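Peer 1: The structure is given below, and queries will be raised subsequently.
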Amino acid sequence: MYDIESAIEAWKQSFVQHEAVGSEEAHELESHLRETTAELCKNGLSEHEAFMVGTHRLGHPLEL
């Protein structure tokens, strides 16, 4: 089973690690990712698929 909590935490830490955003902004991005992931899951995607789509939509730390 896919561990979405670990995936979200690693994704969030990648932003902080690359100093792309501060911790407050990372928390806000996490919130957006969770909302997007939940909505995509309601529309039939698996958690893993929803996470991948959500992170793609929000962007990579170096892009921000």
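To be explicit about the labels: the chains of the structure tokens are called A, B, and onward in the order shown, and within each one the residues are counted from 1, while ligands get numbers from 1 in the order they are shown.
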Using only C-alpha atoms, what does the table of stretch 19-53 of chain A residues within 8 Å of stretch 1-7 of chain A look like, with each row giving the shortest atom pair and its distance in Å to one decimal, sorted by chain and ascending number, as JSON lines?
Peer 2:
```
{"residue": "A:Glu47", "atom": "CA", "partner": "A:Ile4", "partner_atom": "CA", "distance": 6.7}
{"residue": "A:His48", "atom": "CA", "partner": "A:Tyr2", "partner_atom": "CA", "distance": 6.4}
{"residue": "A:Phe51", "atom": "CA", "partner": "A:Ile4", "partner_atom": "CA", "distance": 7.4}
```
Peer 1: So that I can check the surroundings of stretch 35-38 of chain A, please list as a list of chain:residue names every protein, DNA and RNA residue that reaches within 10 Å of it, counting only C-alpha atoms and ignoring chain neighbours fewer than 3 positions away.
Peer 2: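 Answer for this query is A:Ile4, A:Leu29, A:Glu30, A:Ser31, A:His32, A:Cys41, A:Lys42, A:Asn43, A:Leu45, A:Ser46, A:Glu47, A:His48, A:Glu49, A:Ala50, A:Phe51, A:Met52, A:Val53, A:Gly54, A:Thr55, A:Arg57, A:Leu58.
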Peer 1: Any idea what the distance is between atom CA of A:Glu24 and atom CA of A:His56?
Peer 2: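 Going from atom CA of A:Glu24 over to atom CA of A:His56, I get 20.3 Å.
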Peer 1: What does the distance from atom CA of A:Lys12 to atom CA of A:Leu33 come to in Å, to one decimal?
Peer 2: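 Atom CA of A:Leu33 lies 9.7 Å from atom CA of A:Lys12.
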